[in-house]
Amino acid sequence: MFHDRASIEVLAGRGGDGGLSFRREKHVPKGGPDGGDGGRGGDVILVADERLRDLSSFRAKTTFKAGRGEPGRGTRKHGADGATIELAVPVGTQAYGPEGELIADLARPDARVVLARGGQGGRGNARFATAVRQTPRFAEVGEPPEEAEVELRLKLLADAAMAGLPNAGKSSLLRRLSNAKPKVADYPFTTLAPVLGTVESPDGAQLTVADVPGLIEGASEGIGLGHEFLAHLERARLLLHVIDASAEDVEERFRTIDTELAFYGAGLDERPQAIVLNKIDLLPEPPELRIGDERIVGVFPVSCATGAGIEALKLALFRLCPAAPEPVFDEAPELPEFLEYRPQPPARRTYRIYRTDRGFRIVGEAPEGEELEAVLKAAGARKGQEVEIGEETLEWQ
Ligand SMILES: Nc1nc2c(ncn2[C@@H]2O[C@H](COP(=O)(O)OP(=O)(O)OP(=O)(O)O)[C@@H](O)[C@H]2O)c(=O)[nH]1
Ligand SMILES: [Mg+2]
């Protein structure tokens with residue numbers, strides 16, 4: 001089975017709390033503050049891995065948690081950072097958020113996107129010593145991590161993709177044009193999952209071509225196998241529309257597929273098409289196609305059985321396939337060389353939380369109500385502890 005969708009939940013690591021500690025020395029009842037900083041929580045990252053072909057690795061496990069940052073300790077020992085998790089996905093994977101919004105597009109090998117960022121570690125009390133405050137009895141609490149529910153969808157990246165009815169000879173054509181060896185057989189729906197092949201020109205240029213399961217009337221509404229796989233045509237810049245030219249109704253066959261492309265949407269019906277009239281070995285005369293359509297950039301009578309017309313088609317592909325657009329990089333302050341796309345990071349918190357001898361202190365614009373409860377719970381507040389907010393001191397219930 002070919003899996004081109006997966007739903008996952010990711011939770012980054014919470015930041016470690018800052019240490020609240022004082023130096024112990026002989027003869028000195030209480031030395032200076034020496035609590036180290038908490039470690040940063042680990043991130044959950046998607047990485048595009050060229051070796052992967054689909055998302056089947058997410059069948060078994062769908063929840064991923066990165067490591068927590070360790071707390072800071074005495075003698076200014078900083079806590080270790082939590083372990084980051086890297087989830088390998090095939091190139092061409094897109095990540096969508098809960099509202100169906102595109103979060104990330106891992107469109108090239110080694111592209112990396114942070115799905116959930118770990119919390120910052122809290123600062124230890126050693127950091128808060130000043131000339132006037134020599135014994136700070138508080139340390140910062142580690143920040144909570146980001147979490148996300150994400151749907152992964154693989155949309156193959158091919159320069160050109162085949163479209164056509166079952167049995168038209170798409171897989172036979174890919175075998176002729178490229179290094180790929182998809183299964184060929186004399187019955188419909190032989191191809192059950194997309195296959196990518198690399199086509200080489202005499203001067204060493206390369207194009208990737210996707211062979212996709214055959215489409216039938218109603219494919220865009222889910223009939224046959226085609227609908228799910230139409231997504232793999234979305235990123236192709238040229239469609240190779242393969243038609244069995246030995247059939248009597250060649251033009252009708254063209255329309256059937258074209259209608260499905262239009263119903264599917266995503267601009268498939270505007271894509272340039274090279275029409276491949278296959279199986280000409282079965283015809284006494286070369287076929288003609290009387291369709292005037294500005295999307296048709298070429299008509300190629302070929303025979304995958306004898307090889308007739310194949311070289312001409314191969315050469316033409318390099319001429320006809322529109323050049324790939326330059327990748328667009330988001331301007332992001334962190335990891336710019338890795339980022340394909342990333343939405344605005346969540347707003348920074350407008351307050352900070354500190355642990356004290358007796359409980360917690362919130363400085364800045366403290367949240368209220370349920371949000372306050374949630375952040376204190378995340379910080380580890382227990383019943384009976386004091387919570388200082390501005391001038392007020394409450395007892396935590
Ligand atoms: N005579 C002749 N037969 C061909 C030619 N090309 C393909 N065939 C035959 O047509 C049948 C279907 O070929 P496939 O390449 O499997 O067709 P497909 O379009 O990939 O079919 P699906 O995967 O089911 O969508 C096979 O029996 C092929 O041998 C050709 O040029 N001439
Ligand atoms: Mg096939």
# chains A, B, ... in the order shown; residues from 1 in each chain; ligands from 1
$ closest_atom_pairs --of "stretch 257-331 of chain A" --to "stretch 227-233 of chain A" --cutoff "12 Å" --atoms "only C-alpha atoms" --output "Markdown table"
| residue | atom | partner | partner_atom | distance |
| --- | --- | --- | --- | --- |
| A:Ile257 | CA | A:Leu230 | CA | 11.3 |
| A:Glu260 | CA | A:His227 | CA | 8.9 |
| A:Leu261 | CA | A:Leu230 | CA | 8.0 |
| A:Ala262 | CA | A:Leu230 | CA | 11.0 |
| A:Phe263 | CA | A:His227 | CA | 10.3 |
| A:Tyr264 | CA | A:Leu230 | CA | 7.5 |
| A:Gly265 | CA | A:Leu230 | CA | 9.6 |
| A:Ala266 | CA | A:Ala231 | CA | 8.6 |
| A:Gly267 | CA | A:Leu233 | CA | 10.0 |
| A:Leu268 | CA | A:Leu233 | CA | 7.5 |
| A:Asp269 | CA | A:Leu233 | CA | 10.8 |
| A:Arg271 | CA | A:Leu233 | CA | 9.8 |
| A:Gln273 | CA | A:Leu233 | CA | 11.9 |
$ write_last_selection --atoms "N, CA and C atoms" --output "PDB file, in the first residue's frame"
ATOM      1  N   ILE A 257     -11.087  12.465 -19.701  1.00  0.00           N
ATOM      2  CA  ILE A 257     -10.018  12.773 -18.741  1.00  0.00           C
ATOM      3  C   ILE A 257      -9.979  14.260 -18.450  1.00  0.00           C
ATOM      4  N   GLU A 260     -12.451  15.338 -15.891  1.00  0.00           N
ATOM      5  CA  GLU A 260     -12.072  14.974 -14.522  1.00  0.00           C
ATOM      6  C   GLU A 260     -11.021  15.933 -13.960  1.00  0.00           C
ATOM      7  N   LEU A 261     -10.106  16.338 -14.809  1.00  0.00           N
ATOM      8  CA  LEU A 261      -9.078  17.287 -14.369  1.00  0.00           C
ATOM      9  C   LEU A 261      -9.737  18.596 -13.952  1.00  0.00           C
ATOM     10  N   ALA A 262     -10.722  19.019 -14.741  1.00  0.00           N
ATOM     11  CA  ALA A 262     -11.407  20.276 -14.440  1.00  0.00           C
ATOM     12  C   ALA A 262     -12.212  20.152 -13.147  1.00  0.00           C
ATOM     13  N   PHE A 263     -12.888  19.019 -12.953  1.00  0.00           N
ATOM     14  CA  PHE A 263     -13.679  18.828 -11.724  1.00  0.00           C
ATOM     15  C   PHE A 263     -12.787  18.811 -10.496  1.00  0.00           C
ATOM     16  N   TYR A 264     -11.616  18.219 -10.650  1.00  0.00           N
ATOM     17  CA  TYR A 264     -10.726  18.128  -9.494  1.00  0.00           C
ATOM     18  C   TYR A 264     -10.292  19.516  -9.038  1.00  0.00           C
ATOM     19  N   GLY A 265     -10.075  20.416  -9.987  1.00  0.00           N
ATOM     20  CA  GLY A 265      -9.649  21.764  -9.621  1.00  0.00           C
ATOM     21  C   GLY A 265      -8.144  21.835  -9.445  1.00  0.00           C
ATOM     22  N   ALA A 266      -7.715  22.731  -8.537  1.00  0.00           N
ATOM     23  CA  ALA A 266      -6.286  22.953  -8.256  1.00  0.00           C
ATOM     24  C   ALA A 266      -5.510  23.335  -9.518  1.00  0.00           C
ATOM     25  N   GLY A 267      -6.242  23.848 -10.506  1.00  0.00           N
ATOM     26  CA  GLY A 267      -5.570  24.343 -11.709  1.00  0.00           C
ATOM     27  C   GLY A 267      -5.153  23.258 -12.694  1.00  0.00           C
ATOM     28  N   LEU A 268      -5.581  22.010 -12.452  1.00  0.00           N
ATOM     29  CA  LEU A 268      -5.142  20.926 -13.343  1.00  0.00           C
ATOM     30  C   LEU A 268      -5.636  21.129 -14.771  1.00  0.00           C
ATOM     31  N   ASP A 269      -6.807  21.766 -14.901  1.00  0.00           N
ATOM     32  CA  ASP A 269      -7.347  21.943 -16.251  1.00  0.00           C
ATOM     33  C   ASP A 269      -6.707  23.120 -16.984  1.00  0.00           C
ATOM     34  N   ARG A 271      -3.247  23.313 -16.919  1.00  0.00           N
ATOM     35  CA  ARG A 271      -1.876  22.851 -17.121  1.00  0.00           C
ATOM     36  C   ARG A 271      -1.643  22.531 -18.595  1.00  0.00           C
ATOM     37  N   GLN A 273      -0.687  20.452 -21.770  1.00  0.00           N
ATOM     38  CA  GLN A 273      -0.781  19.003 -21.989  1.00  0.00           C
ATOM     39  C   GLN A 273      -0.036  18.604 -23.258  1.00  0.00           C
TER      40      GLN A 273
END
$ closest_atom_pairs --of "chain A" --to "ligand 1" --cutoff "9 Å" --atoms "only C-alpha atoms and all ligand atoms" --output "Markdown table"
| residue | atom | partner | partner_atom_place_in_ligand_line | distance |
| --- | --- | --- | --- | --- |
| A:Met162 | CA | ligand 1 | 19 (O) | 8.9 |
| A:Ala163 | CA | ligand 1 | 19 (O) | 8.5 |
| A:Gly164 | CA | ligand 1 | 19 (O) | 6.6 |
| A:Leu165 | CA | ligand 1 | 25 (O) | 6.0 |
| A:Pro166 | CA | ligand 1 | 25 (O) | 3.3 |
| A:Asn167 | CA | ligand 1 | 21 (O) | 3.5 |
| A:Ala168 | CA | ligand 1 | 19 (O) | 3.9 |
| A:Gly169 | CA | ligand 1 | 17 (O) | 3.4 |
| A:Lys170 | CA | ligand 1 | 19 (O) | 3.8 |
| A:Ser171 | CA | ligand 1 | 20 (O) | 3.7 |
| A:Ser172 | CA | ligand 1 | 15 (O) | 3.6 |
| A:Leu173 | CA | ligand 1 | 15 (O) | 6.5 |
| A:Leu174 | CA | ligand 1 | 15 (O) | 8.0 |
| A:Arg175 | CA | ligand 1 | 15 (O) | 8.4 |
| A:Pro182 | CA | ligand 1 | 20 (O) | 8.1 |
| A:Lys183 | CA | ligand 1 | 16 (O) | 6.4 |
| A:Val184 | CA | ligand 1 | 16 (O) | 3.5 |
| A:Ala185 | CA | ligand 1 | 26 (C) | 4.4 |
| A:Asp186 | CA | ligand 1 | 27 (O) | 3.3 |
| A:Tyr187 | CA | ligand 1 | 24 (O) | 6.1 |
| A:Pro188 | CA | ligand 1 | 24 (O) | 3.8 |
| A:Phe189 | CA | ligand 1 | 24 (O) | 3.3 |
| A:Thr190 | CA | ligand 1 | 24 (O) | 3.9 |
| A:Thr191 | CA | ligand 1 | 23 (O) | 3.7 |
| A:Leu192 | CA | ligand 1 | 23 (O) | 7.0 |
| A:Ala193 | CA | ligand 1 | 23 (O) | 9.0 |
| A:Asp211 | CA | ligand 1 | 20 (O) | 7.5 |
| A:Val212 | CA | ligand 1 | 25 (O) | 7.3 |
| A:Pro213 | CA | ligand 1 | 25 (O) | 4.9 |
| A:Gly214 | CA | ligand 1 | 25 (O) | 3.5 |
| A:Leu215 | CA | ligand 1 | 25 (O) | 7.1 |
| A:Val242 | CA | ligand 1 | 19 (O) | 7.5 |
| A:Ile243 | CA | ligand 1 | 19 (O) | 8.4 |
| A:Asp244 | CA | ligand 1 | 6 (N) | 8.0 |
| A:Ser246 | CA | ligand 1 | 1 (N) | 8.6 |
| A:Leu277 | CA | ligand 1 | 31 (O) | 8.9 |
| A:Asn278 | CA | ligand 1 | 31 (O) | 5.2 |
| A:Lys279 | CA | ligand 1 | 31 (O) | 3.3 |
| A:Ile280 | CA | ligand 1 | 31 (O) | 6.2 |
| A:Asp281 | CA | ligand 1 | 32 (N) | 5.8 |
| A:Leu282 | CA | ligand 1 | 1 (N) | 5.7 |
| A:Val302 | CA | ligand 1 | 31 (O) | 6.7 |
| A:Ser303 | CA | ligand 1 | 31 (O) | 3.5 |
| A:Cys304 | CA | ligand 1 | 31 (O) | 3.6 |
| A:Ala305 | CA | ligand 1 | 31 (O) | 4.1 |
| A:Thr306 | CA | ligand 1 | 31 (O) | 6.7 |
| A:Gly307 | CA | ligand 1 | 31 (O) | 7.6 |
| A:Ala308 | CA | ligand 1 | 31 (O) | 8.5 |
$ closest_residue --among "A:Ala236, A:Val209, A:Val195, A:Val276" --to "ligand 2" --atoms "only C-alpha atoms and all ligand atoms"
A:Val195
$ residues_around --residues "A:Phe58" --least-positions-apart "4" --cutoff "9 Å" --atoms "only C-alpha atoms" --output "list in words"
His3, Arg5, Ala6, Ser7, Ile8 and Thr62 of chain A
$ residues_around --residues "stretch 377-394 of chain A" --least-positions-apart "2" --cutoff "7 Å" --atoms "only C-alpha atoms" --output "PyMOL selection string"
chain A and resi 141+144+358-363+373-375+396-397
$ select_by_dssp --residues "stretch 12-185 of chain A" --states "strand (DSSP E or B)" --output "VMD selection string"
chain A and resid 22 25 28 33 44 to 49 63 to 65 73 77 85 to 90 93 to 96 102 to 106 112 to 116 138 to 140 147 to 154 160 to 163
$ atom_distance --atom1 "atom CA of A:Pro33" --atom2 "atom CA of A:Val132"
13.4 Å
$ select_by_dssp --residues "stretch 163-325 of chain A" --states "helix (DSSP H, G or I)" --output "ChimeraX atom specification"
/A:170-177,219-221,226-233,250-264,268-270,280-282,310-320
$ write_last_selection --atoms "N, CA and C atoms" --output "compact mmCIF listing (two decimals), in the first residue's frame"
# COMPACT_ATOMS: atom_id res chain seq x y z
N LYS A 170 0.25 4.08 -19.95
CA LYS A 170 1.05 5.06 -19.19
C LYS A 170 2.30 4.42 -18.59
N SER A 171 2.09 3.27 -17.99
CA SER A 171 3.24 2.61 -17.37
C SER A 171 4.22 2.12 -18.43
N SER A 172 3.67 1.64 -19.54
CA SER A 172 4.55 1.22 -20.64
C SER A 172 5.38 2.40 -21.12
N LEU A 173 4.77 3.57 -21.15
CA LEU A 173 5.48 4.77 -21.61
C LEU A 173 6.57 5.16 -20.61
N LEU A 174 6.27 5.06 -19.32
CA LEU A 174 7.30 5.42 -18.33
C LEU A 174 8.48 4.46 -18.44
N ARG A 175 8.20 3.21 -18.72
CA ARG A 175 9.29 2.24 -18.88
C ARG A 175 10.15 2.61 -20.08
N ARG A 176 9.50 3.08 -21.13
CA ARG A 176 10.24 3.46 -22.34
C ARG A 176 11.06 4.74 -22.11
N LEU A 177 10.49 5.69 -21.38
CA LEU A 177 11.12 7.00 -21.27
C LEU A 177 12.18 7.05 -20.16
N ALA A 219 -13.81 10.04 -11.64
CA ALA A 219 -12.64 9.93 -10.75
C ALA A 219 -12.59 11.09 -9.76
N SER A 220 -12.94 12.28 -10.22
CA SER A 220 -12.86 13.45 -9.34
C SER A 220 -13.89 13.35 -8.23
N GLU A 221 -14.92 12.49 -8.38
CA GLU A 221 -15.90 12.29 -7.30
C GLU A 221 -15.58 11.04 -6.51
N GLY A 226 -8.58 6.92 -9.22
CA GLY A 226 -7.89 8.14 -9.63
C GLY A 226 -7.95 9.32 -8.69
N HIS A 227 -9.09 9.48 -7.99
CA HIS A 227 -9.31 10.70 -7.25
C HIS A 227 -8.19 11.01 -6.26
N GLU A 228 -7.88 10.01 -5.44
CA GLU A 228 -6.85 10.22 -4.42
C GLU A 228 -5.53 10.58 -5.05
N PHE A 229 -5.34 10.09 -6.25
CA PHE A 229 -4.03 10.26 -6.83
C PHE A 229 -3.92 11.52 -7.68
N LEU A 230 -5.04 12.16 -7.92
CA LEU A 230 -4.98 13.40 -8.69
C LEU A 230 -4.12 14.44 -7.99
N ALA A 231 -4.05 14.34 -6.65
CA ALA A 231 -3.21 15.28 -5.90
C ALA A 231 -1.75 15.20 -6.36
N HIS A 232 -1.37 14.03 -6.85
CA HIS A 232 0.03 13.87 -7.28
C HIS A 232 0.30 14.51 -8.64
N LEU A 233 -0.77 14.99 -9.29
CA LEU A 233 -0.59 15.73 -10.54
C LEU A 233 -0.43 17.23 -10.27
N VAL A 250 -11.13 8.38 -29.85
CA VAL A 250 -9.97 9.05 -29.26
C VAL A 250 -10.33 10.42 -28.67
N GLU A 251 -11.12 11.19 -29.42
CA GLU A 251 -11.46 12.53 -28.92
C GLU A 251 -12.33 12.49 -27.68
N GLU A 252 -13.24 11.52 -27.66
CA GLU A 252 -14.10 11.37 -26.49
C GLU A 252 -13.27 11.00 -25.26
N ARG A 253 -12.28 10.14 -25.49
CA ARG A 253 -11.40 9.74 -24.39
C ARG A 253 -10.64 10.95 -23.85
N PHE A 254 -10.20 11.78 -24.76
CA PHE A 254 -9.52 13.01 -24.33
C PHE A 254 -10.44 13.82 -23.42
N ARG A 255 -11.69 14.00 -23.86
CA ARG A 255 -12.64 14.83 -23.09
C ARG A 255 -12.94 14.23 -21.72
N THR A 256 -13.06 12.91 -21.67
CA THR A 256 -13.37 12.25 -20.39
C THR A 256 -12.32 12.63 -19.34
N ILE A 257 -11.09 12.46 -19.70
CA ILE A 257 -10.02 12.77 -18.74
C ILE A 257 -9.98 14.26 -18.45
N ASP A 258 -10.12 15.05 -19.49
CA ASP A 258 -10.04 16.50 -19.31
C ASP A 258 -11.12 17.01 -18.36
N THR A 259 -12.32 16.42 -18.46
CA THR A 259 -13.41 16.81 -17.58
C THR A 259 -13.06 16.50 -16.12
N GLU A 260 -12.45 15.34 -15.89
CA GLU A 260 -12.07 14.97 -14.52
C GLU A 260 -11.02 15.93 -13.96
N LEU A 261 -10.11 16.34 -14.81
CA LEU A 261 -9.08 17.29 -14.37
C LEU A 261 -9.74 18.60 -13.95
N ALA A 262 -10.72 19.02 -14.74
CA ALA A 262 -11.41 20.28 -14.44
C ALA A 262 -12.21 20.15 -13.15
N PHE A 263 -12.89 19.02 -12.95
CA PHE A 263 -13.68 18.83 -11.72
C PHE A 263 -12.79 18.81 -10.50
N TYR A 264 -11.62 18.22 -10.65
CA TYR A 264 -10.73 18.13 -9.49
C TYR A 264 -10.29 19.52 -9.04
N LEU A 268 -5.58 22.01 -12.45
CA LEU A 268 -5.14 20.93 -13.34
C LEU A 268 -5.64 21.13 -14.77
N ASP A 269 -6.81 21.77 -14.90
CA ASP A 269 -7.35 21.94 -16.25
C ASP A 269 -6.71 23.12 -16.98
N GLU A 270 -5.77 23.79 -16.34
CA GLU A 270 -5.06 24.86 -17.04
C GLU A 270 -3.64 24.45 -17.40
N ILE A 280 0.27 3.04 -31.83
CA ILE A 280 0.10 3.26 -33.27
C ILE A 280 0.49 2.02 -34.08
N ASP A 281 1.20 1.08 -33.43
CA ASP A 281 1.52 -0.17 -34.14
C ASP A 281 0.26 -0.95 -34.52
N LEU A 282 -0.84 -0.66 -33.83
CA LEU A 282 -2.09 -1.37 -34.12
C LEU A 282 -2.89 -0.69 -35.24
N ILE A 310 9.23 7.35 -29.74
CA ILE A 310 9.61 7.56 -28.34
C ILE A 310 10.75 8.59 -28.20
N GLU A 311 11.77 8.46 -29.06
CA GLU A 311 12.91 9.39 -28.94
C GLU A 311 12.48 10.82 -29.19
N ALA A 312 11.61 11.01 -30.18
CA ALA A 312 11.13 12.36 -30.50
C ALA A 312 10.37 12.93 -29.30
N LEU A 313 9.56 12.10 -28.66
CA LEU A 313 8.79 12.55 -27.50
C LEU A 313 9.73 12.92 -26.35
N LYS A 314 10.72 12.08 -26.14
CA LYS A 314 11.67 12.29 -25.05
C LYS A 314 12.36 13.65 -25.20
N LEU A 315 12.86 13.92 -26.41
CA LEU A 315 13.55 15.19 -26.65
C LEU A 315 12.59 16.37 -26.46
N ALA A 316 11.38 16.18 -26.96
CA ALA A 316 10.41 17.28 -26.89
C ALA A 316 10.05 17.61 -25.44
N LEU A 317 10.06 16.60 -24.58
CA LEU A 317 9.70 16.84 -23.18
C LEU A 317 10.58 17.92 -22.55
N PHE A 318 11.86 17.86 -22.86
CA PHE A 318 12.78 18.84 -22.25
C PHE A 318 12.51 20.24 -22.76
N ARG A 319 12.00 20.32 -23.97
CA ARG A 319 11.67 21.62 -24.56
C ARG A 319 10.31 22.12 -24.01
N LEU A 320 9.39 21.19 -23.85
CA LEU A 320 8.01 21.60 -23.53
C LEU A 320 7.76 21.82 -22.04
$ residues_around --residues "A:Arg23" --least-positions-apart "6" --cutoff "12 Å" --atoms "only C-alpha atoms" --output "number ranges by chain"
A: 29-36, 73-77, 125-126, 135
$ closest_residue --among "A:Arg237, A:Lys181, A:Phe300, A:Pro322" --to "ligand 2" --atoms "only C-alpha atoms and all ligand atoms"
A:Lys181
$ residues_around --residues "A:Arg127" --least-positions-apart "2" --cutoff "12 Å" --atoms "only C-alpha atoms" --output "list in words"
Gly18, Gly19, Leu20, Ser21, Gly32, Pro33, Asp34, Gly35, Gly36, Asp37, Gly38, Gly72, Arg76, His78, Gly122, Arg123, Gly124, Asn125, Ala129, Thr130, Arg133, Gln134, Thr135, Pro136, Arg137, Phe138, Ala139 and Glu140 of chain A
$ atom_distance --atom1 "atom CA of A:Arg295" --atom2 "atom CA of A:Pro325"
19.1 Å
$ closest_residue --among "A:Ala210, A:Val44, A:Val299, A:Ile275" --to "ligand 2" --atoms "only C-alpha atoms and all ligand atoms"
A:Ala210
$ atom_distance --atom1 "atom CA of A:Arg51" --atom2 "atom CA of A:Glu234"
21.7 Å
$ closest_residue --among "A:Ala160, A:Leu238, A:Tyr354, A:Glu86" --to "A:Phe128" --atoms "only C-alpha atoms"
A:Tyr354
$ closest_residue --among "A:Ile103, A:Ala161, A:Val199, A:Ala66" --to "A:Leu239" --atoms "only C-alpha atoms"
A:Ala161
$ closest_residue --among "A:Leu196, A:Ala131, A:Ala83, A:Leu106" --to "ligand 2" --atoms "only C-alpha atoms and all ligand atoms"
A:Leu196
